[in-house]
Amino acid sequence: ALYMTSNKLAANGIKGLMENLKLSKSLAVLDLRDNYMTDEGAKSLGKEIINIKSLTSLLISSNLINHDGAKAISEGIKGLVSLQQLDLSNNSLKDEGVICLGTSFKNLLSLVRLDISKTDFGENGAEILCSQLKDLTGITTFIASKNNLAEVDKQKLWDVGKVGNFSVTLD
């Protein structure tokens, strides 16, 4: 496990860290919460993380990641079949970022916990989530509180959770 929370790594620090970690064969937890990671840092992360096949938890909440960074991360996590926990909360992903992430979910069959709270997504993001969360047969916890969701979108997400038998937290 590598816990690097609140180290102000920013883009250059993330890039250097990922270049060193790409050869890791046994890293299970990568915790980069609260590190001022921008889209540039997320692109470095996405480019190299695909090589860390042993990763079970990726915690990158409370950074400065927007939809471009989410796109890079979604490409990087597609091959992480052992990933069980993904936390991207408190980033400005918006609908575009959530849609990019949603396209990678079909490959994450080991995912049990997904947190995209405070990512500023709305109707379009909820739509892709409703269609993609169905593929996550092992998921037990989905957290998407404090987003721009209308009641109808919240109901759709709760319904997906009910059918899939997993908990959904939206407020």
# chains A, B, ... in the order shown; residues from 1 in each chain; ligands from 1
call {"tool": "residues_around", "arguments": {"residues": "Lys43 in chain A", "least_positions_apart": "2", "cutoff": "7 Å", "atoms": "only C-alpha atoms", "output": "compact mmCIF listing (two decimals) with N, CA and C atoms, in the first residue's frame"}}
result
# COMPACT_ATOMS: atom_id res chain seq x y z
N ASP A 39 -5.78 17.77 -14.27
CA ASP A 39 -5.94 16.86 -15.41
C ASP A 39 -4.60 16.36 -15.91
N GLU A 40 -3.59 17.21 -15.87
CA GLU A 40 -2.26 16.79 -16.32
C GLU A 40 -1.72 15.64 -15.46
N GLY A 41 -1.87 15.76 -14.15
CA GLY A 41 -1.46 14.68 -13.26
C GLY A 41 -2.31 13.43 -13.46
N LEU A 45 -1.28 9.61 -14.37
CA LEU A 45 -1.82 8.49 -13.60
C LEU A 45 -2.47 7.47 -14.52
N GLY A 46 -3.35 7.95 -15.39
CA GLY A 46 -4.05 7.05 -16.32
C GLY A 46 -3.12 6.30 -17.25
N LYS A 47 -2.07 6.97 -17.68
CA LYS A 47 -1.12 6.36 -18.61
C LYS A 47 -0.35 5.20 -17.96
N GLY A 69 -9.17 14.73 -17.25
CA GLY A 69 -8.46 13.81 -16.36
C GLY A 69 -9.24 12.54 -16.14
N ALA A 72 -8.71 10.17 -19.02
CA ALA A 72 -7.43 9.47 -18.95
C ALA A 72 -7.46 8.36 -17.89
N ILE A 73 -8.07 8.64 -16.77
CA ILE A 73 -8.18 7.65 -15.71
C ILE A 73 -9.06 6.48 -16.15
call {"tool": "select_by_dssp", "arguments": {"residues": "chain A", "states": "helix (DSSP H, G or I)", "output": "JSON, numbers by chain"}}
result
{"A": [10, 11, 12, 13, 14, 15, 16, 17, 18, 19, 20, 21, 39, 40, 41, 42, 43, 44, 45, 46, 47, 48, 49, 67, 68, 69, 70, 71, 72, 73, 74, 75, 76, 77, 94, 95, 96, 97, 98, 99, 100, 101, 102, 105, 106, 107, 123, 124, 125, 126, 127, 128, 129, 130, 131, 132, 133, 134, 135, 151, 152, 153, 154, 155, 156, 157, 158, 159, 160, 161, 162, 163, 164]}
call {"tool": "write_last_selection", "arguments": {"atoms": "C-alpha atoms", "output": "short mmCIF file (atom, residue, chain, number, x, y, z; two decimals), in the first residue's frame"}}
result
data_model
loop_
_atom_site.label_atom_id
_atom_site.label_comp_id
_atom_site.auth_asym_id
_atom_site.auth_seq_id
_atom_site.Cartn_x
_atom_site.Cartn_y
_atom_site.Cartn_z
CA ALA A 10 0.54 18.28 -8.18
CA ALA A 11 1.22 17.27 -11.79
CA ASN A 12 5.00 16.86 -11.69
CA GLY A 13 4.93 14.90 -8.45
CA ILE A 14 2.22 12.57 -9.78
CA LYS A 15 4.16 12.06 -13.02
CA GLY A 16 7.37 11.16 -11.18
CA LEU A 17 5.55 8.90 -8.77
CA MET A 18 3.75 7.03 -11.54
CA GLU A 19 6.94 6.56 -13.56
CA ASN A 20 8.44 4.84 -10.53
CA LEU A 21 5.34 2.79 -9.74
CA ASP A 39 -5.94 16.86 -15.41
CA GLU A 40 -2.26 16.79 -16.32
CA GLY A 41 -1.46 14.68 -13.26
CA ALA A 42 -4.51 12.51 -13.93
CA LYS A 43 -3.23 11.90 -17.45
CA SER A 44 0.09 10.66 -16.03
CA LEU A 45 -1.82 8.49 -13.60
CA GLY A 46 -4.05 7.05 -16.32
CA LYS A 47 -1.12 6.36 -18.61
CA GLU A 48 0.85 4.35 -16.05
CA ILE A 49 -1.79 2.84 -13.78
CA HIS A 67 -13.44 15.62 -17.37
CA ASP A 68 -10.16 15.43 -19.34
CA GLY A 69 -8.46 13.81 -16.36
CA ALA A 70 -11.42 11.49 -15.85
CA LYS A 71 -11.09 10.37 -19.47
CA ALA A 72 -7.43 9.47 -18.95
CA ILE A 73 -8.18 7.65 -15.71
CA SER A 74 -11.01 5.70 -17.33
CA GLU A 75 -8.61 4.47 -20.00
CA GLY A 76 -6.07 3.50 -17.36
CA ILE A 77 -8.44 1.54 -15.14
CA LYS A 94 -19.22 16.94 -14.32
CA ASP A 95 -21.36 14.91 -16.73
CA GLU A 96 -18.55 14.57 -19.28
CA GLY A 97 -16.17 12.98 -16.77
CA VAL A 98 -18.76 10.62 -15.33
CA ILE A 99 -19.71 9.52 -18.84
CA CYS A 100 -16.04 8.73 -19.61
CA LEU A 101 -15.70 6.76 -16.39
CA GLY A 102 -18.93 4.90 -17.03
CA PHE A 105 -17.14 0.02 -15.71
CA LYS A 106 -17.91 -3.03 -17.83
CA ASN A 107 -14.31 -4.18 -17.30
CA GLU A 123 -28.88 14.12 -15.74
CA ASN A 124 -26.51 12.94 -18.49
CA GLY A 125 -24.07 11.43 -16.02
CA ALA A 126 -26.92 9.72 -14.18
CA GLU A 127 -28.15 8.26 -17.46
CA ILE A 128 -24.82 6.56 -18.25
CA LEU A 129 -24.49 5.39 -14.64
CA CYS A 130 -27.91 3.75 -14.78
CA SER A 131 -26.92 1.79 -17.85
CA GLN A 132 -23.37 0.91 -16.75
CA LEU A 133 -23.86 0.10 -13.07
CA LYS A 134 -25.93 -2.93 -14.10
CA ASP A 135 -22.74 -4.57 -15.38
CA GLU A 151 -35.40 13.76 -8.09
CA VAL A 152 -36.22 11.70 -11.18
CA ASP A 153 -32.51 10.93 -11.72
CA LYS A 154 -32.08 10.01 -8.07
CA GLN A 155 -35.01 7.64 -8.34
CA LYS A 156 -33.54 5.96 -11.41
CA LEU A 157 -30.23 5.40 -9.60
CA TRP A 158 -32.00 4.04 -6.51
CA ASP A 159 -33.97 1.69 -8.76
CA VAL A 160 -30.77 0.38 -10.36
CA GLY A 161 -29.38 -0.25 -6.88
CA LYS A 162 -32.54 -2.04 -5.82
CA VAL A 163 -32.49 -4.32 -8.86
CA GLY A 164 -28.72 -4.91 -8.51
#
call {"tool": "select_by_dssp", "arguments": {"residues": "chain A", "states": "strand (DSSP E or B)", "output": "PyMOL selection string"}}
result
chain A and resi 2-3+29-31+57-59+85-87+113-115+141-143+167-169
call {"tool": "write_last_selection", "arguments": {"atoms": "all heavy atoms", "output": "compact mmCIF listing (two decimals), in the first residue's frame"}}
result
# COMPACT_ATOMS: atom_id res chain seq x y z
N LEU A 2 0.42 2.26 -0.70
CA LEU A 2 1.12 3.53 -0.73
C LEU A 2 0.12 4.63 -0.40
O LEU A 2 -0.81 4.89 -1.17
CB LEU A 2 1.75 3.78 -2.10
CG LEU A 2 2.56 5.07 -2.25
CD1 LEU A 2 3.71 5.10 -1.24
CD2 LEU A 2 3.08 5.19 -3.66
N TYR A 3 0.30 5.22 0.76
CA TYR A 3 -0.58 6.29 1.23
C TYR A 3 0.15 7.62 1.09
O TYR A 3 1.10 7.88 1.82
CB TYR A 3 -0.99 6.06 2.68
CG TYR A 3 -1.78 4.79 2.86
CD1 TYR A 3 -1.17 3.61 3.26
CD2 TYR A 3 -3.14 4.75 2.59
CE1 TYR A 3 -1.89 2.43 3.41
CE2 TYR A 3 -3.88 3.58 2.72
CZ TYR A 3 -3.24 2.42 3.13
OH TYR A 3 -3.96 1.27 3.27
N VAL A 29 -2.96 -0.81 -2.82
CA VAL A 29 -3.67 0.43 -2.51
C VAL A 29 -2.83 1.62 -2.94
O VAL A 29 -1.67 1.74 -2.55
CB VAL A 29 -3.97 0.54 -0.99
CG1 VAL A 29 -4.66 1.86 -0.67
CG2 VAL A 29 -4.80 -0.64 -0.52
N LEU A 30 -3.43 2.51 -3.72
CA LEU A 30 -2.79 3.76 -4.10
C LEU A 30 -3.70 4.89 -3.63
O LEU A 30 -4.81 5.06 -4.15
CB LEU A 30 -2.56 3.83 -5.61
CG LEU A 30 -1.86 5.09 -6.13
CD1 LEU A 30 -0.51 5.30 -5.43
CD2 LEU A 30 -1.67 5.01 -7.63
N ASP A 31 -3.25 5.62 -2.62
CA ASP A 31 -4.03 6.68 -2.01
C ASP A 31 -3.38 8.02 -2.33
O ASP A 31 -2.34 8.37 -1.75
CB ASP A 31 -4.11 6.46 -0.50
CG ASP A 31 -5.01 7.47 0.20
OD1 ASP A 31 -5.37 8.49 -0.42
OD2 ASP A 31 -5.33 7.23 1.38
N SER A 57 -7.38 -0.84 -4.74
CA SER A 57 -8.00 0.42 -4.30
C SER A 57 -7.28 1.60 -4.91
O SER A 57 -6.06 1.74 -4.78
CB SER A 57 -7.95 0.55 -2.78
OG SER A 57 -8.75 -0.42 -2.16
N LEU A 58 -8.05 2.46 -5.56
CA LEU A 58 -7.54 3.71 -6.11
C LEU A 58 -8.34 4.84 -5.49
O LEU A 58 -9.55 4.97 -5.73
CB LEU A 58 -7.66 3.74 -7.63
CG LEU A 58 -7.19 5.01 -8.33
CD1 LEU A 58 -5.72 5.29 -8.02
CD2 LEU A 58 -7.42 4.91 -9.83
N LEU A 59 -7.68 5.63 -4.67
CA LEU A 59 -8.33 6.71 -3.92
C LEU A 59 -7.75 8.04 -4.37
O LEU A 59 -6.61 8.37 -4.03
CB LEU A 59 -8.10 6.50 -2.42
CG LEU A 59 -8.39 5.09 -1.90
CD1 LEU A 59 -7.93 4.93 -0.46
CD2 LEU A 59 -9.86 4.76 -2.05
N GLN A 85 -12.12 -0.90 -5.18
CA GLN A 85 -12.58 0.38 -4.65
C GLN A 85 -12.04 1.51 -5.50
O GLN A 85 -10.85 1.59 -5.77
CB GLN A 85 -12.10 0.54 -3.21
CG GLN A 85 -12.49 1.87 -2.60
CD GLN A 85 -12.13 1.96 -1.13
OE1 GLN A 85 -13.01 1.92 -0.29
NE2 GLN A 85 -10.85 2.07 -0.82
N LEU A 86 -12.96 2.39 -5.92
CA LEU A 86 -12.60 3.56 -6.71
C LEU A 86 -13.26 4.78 -6.08
O LEU A 86 -14.48 4.83 -5.95
CB LEU A 86 -13.05 3.39 -8.16
CG LEU A 86 -12.77 4.54 -9.12
CD1 LEU A 86 -11.28 4.83 -9.21
CD2 LEU A 86 -13.34 4.23 -10.50
N ASP A 87 -12.45 5.75 -5.66
CA ASP A 87 -12.97 6.96 -5.04
C ASP A 87 -12.45 8.17 -5.79
O ASP A 87 -11.28 8.50 -5.75
CB ASP A 87 -12.53 7.03 -3.57
CG ASP A 87 -13.11 8.22 -2.82
OD1 ASP A 87 -13.73 9.10 -3.47
OD2 ASP A 87 -12.93 8.28 -1.60
N ARG A 113 -16.97 -0.98 -4.42
CA ARG A 113 -17.29 0.33 -3.86
C ARG A 113 -16.88 1.42 -4.84
O ARG A 113 -15.73 1.49 -5.25
CB ARG A 113 -16.57 0.54 -2.53
CG ARG A 113 -16.96 1.82 -1.83
CD ARG A 113 -16.25 1.95 -0.46
NE ARG A 113 -16.79 3.05 0.31
CZ ARG A 113 -16.44 4.31 0.15
NH1 ARG A 113 -15.57 4.65 -0.78
NH2 ARG A 113 -16.98 5.26 0.91
N LEU A 114 -17.84 2.28 -5.18
CA LEU A 114 -17.60 3.40 -6.09
C LEU A 114 -18.13 4.67 -5.43
O LEU A 114 -19.29 4.73 -5.04
CB LEU A 114 -18.32 3.16 -7.42
CG LEU A 114 -18.31 4.31 -8.43
CD1 LEU A 114 -16.89 4.62 -8.88
CD2 LEU A 114 -19.19 3.96 -9.63
N ASP A 115 -17.27 5.67 -5.30
CA ASP A 115 -17.67 6.94 -4.71
C ASP A 115 -17.38 8.06 -5.69
O ASP A 115 -16.23 8.34 -6.02
CB ASP A 115 -16.91 7.19 -3.40
CG ASP A 115 -17.44 8.39 -2.62
OD1 ASP A 115 -18.20 9.21 -3.21
OD2 ASP A 115 -17.08 8.53 -1.44
N THR A 141 -21.63 -1.01 -2.83
CA THR A 141 -21.81 0.36 -2.37
C THR A 141 -21.53 1.35 -3.50
O THR A 141 -20.44 1.37 -4.07
CB THR A 141 -20.84 0.67 -1.20
OG1 THR A 141 -21.01 -0.32 -0.18
CG2 THR A 141 -21.10 2.04 -0.63
N PHE A 142 -22.52 2.19 -3.77
CA PHE A 142 -22.40 3.26 -4.75
C PHE A 142 -22.76 4.56 -4.04
O PHE A 142 -23.87 4.70 -3.52
CB PHE A 142 -23.32 3.01 -5.94
CG PHE A 142 -23.40 4.18 -6.88
CD1 PHE A 142 -22.28 4.63 -7.56
CD2 PHE A 142 -24.61 4.83 -7.10
CE1 PHE A 142 -22.35 5.71 -8.43
CE2 PHE A 142 -24.69 5.91 -7.97
CZ PHE A 142 -23.57 6.35 -8.63
N ILE A 143 -21.83 5.51 -4.02
CA ILE A 143 -22.04 6.77 -3.34
C ILE A 143 -21.92 7.90 -4.35
O ILE A 143 -20.90 8.03 -5.04
CB ILE A 143 -21.02 6.98 -2.20
CG1 ILE A 143 -21.04 5.78 -1.25
CG2 ILE A 143 -21.30 8.28 -1.44
CD1 ILE A 143 -19.86 5.73 -0.30
N SER A 167 -26.24 -0.93 -2.18
CA SER A 167 -26.67 0.30 -1.53
C SER A 167 -26.30 1.51 -2.37
O SER A 167 -25.25 1.53 -3.02
CB SER A 167 -26.06 0.42 -0.12
OG SER A 167 -24.69 0.71 -0.20
N VAL A 168 -27.18 2.48 -2.36
CA VAL A 168 -27.01 3.72 -3.11
C VAL A 168 -27.17 4.88 -2.15
O VAL A 168 -28.20 4.98 -1.46
CB VAL A 168 -28.04 3.85 -4.27
CG1 VAL A 168 -27.92 5.18 -4.96
CG2 VAL A 168 -27.88 2.70 -5.25
N THR A 169 -26.16 5.74 -2.07
CA THR A 169 -26.24 6.94 -1.22
C THR A 169 -26.16 8.16 -2.13
O THR A 169 -25.19 8.34 -2.85
CB THR A 169 -25.06 6.96 -0.22
OG1 THR A 169 -25.08 5.77 0.55
CG2 THR A 169 -25.17 8.18 0.69
call {"tool": "residues_around", "arguments": {"residues": "range 144-146 of chain A", "least_positions_apart": "4", "cutoff": "7 Å", "atoms": "only C-alpha atoms", "output": "ChimeraX atom specification"}}
result
/A:115-118,169-171
call {"tool": "residues_around", "arguments": {"residues": "Gly79 in chain A", "least_positions_apart": "5", "cutoff": "9 Å", "atoms": "only C-alpha atoms", "output": "PyMOL selection string"}}
result
chain A and resi 50-51+53+104+107-108
call {"tool": "write_last_selection", "arguments": {"atoms": "N, CA, C and O atoms", "output": "compact mmCIF listing (two decimals), in the first residue's frame"}}
result
# COMPACT_ATOMS: atom_id res chain seq x y z
N ILE A 50 -2.37 1.52 -15.69
CA ILE A 50 -2.78 0.30 -16.38
C ILE A 50 -1.78 -0.84 -16.16
O ILE A 50 -2.14 -2.02 -16.25
N ASN A 51 -0.55 -0.49 -15.83
CA ASN A 51 0.50 -1.49 -15.61
C ASN A 51 0.49 -2.09 -14.21
O ASN A 51 1.20 -3.05 -13.95
N LYS A 53 -1.36 -4.10 -12.25
CA LYS A 53 -2.46 -5.07 -12.29
C LYS A 53 -2.92 -5.53 -10.91
O LYS A 53 -4.03 -6.01 -10.75
N SER A 104 -15.80 2.62 -18.71
CA SER A 104 -14.81 1.64 -18.25
C SER A 104 -15.38 0.64 -17.26
O SER A 104 -14.74 -0.36 -16.94
N ASN A 107 -15.53 -3.38 -17.52
CA ASN A 107 -14.31 -4.18 -17.30
C ASN A 107 -13.97 -4.36 -15.83
O ASN A 107 -13.09 -5.15 -15.50
N LEU A 108 -14.64 -3.64 -14.95
CA LEU A 108 -14.30 -3.64 -13.53
C LEU A 108 -15.20 -4.57 -12.74
O LEU A 108 -15.91 -4.17 -11.83
call {"tool": "atom_distance", "arguments": {"atom1": "CA of Leu9 in chain A", "atom2": "CA of Asn35 in chain A"}}
result
5.3 Å
call {"tool": "atom_distance", "arguments": {"atom1": "CA of Tyr36 in chain A", "atom2": "CA of Thr56 in chain A"}}
result
22.6 Å
call {"tool": "atom_distance", "arguments": {"atom1": "CA of Asn90 in chain A", "atom2": "CA of Leu149 in chain A"}}
result
15.4 Å
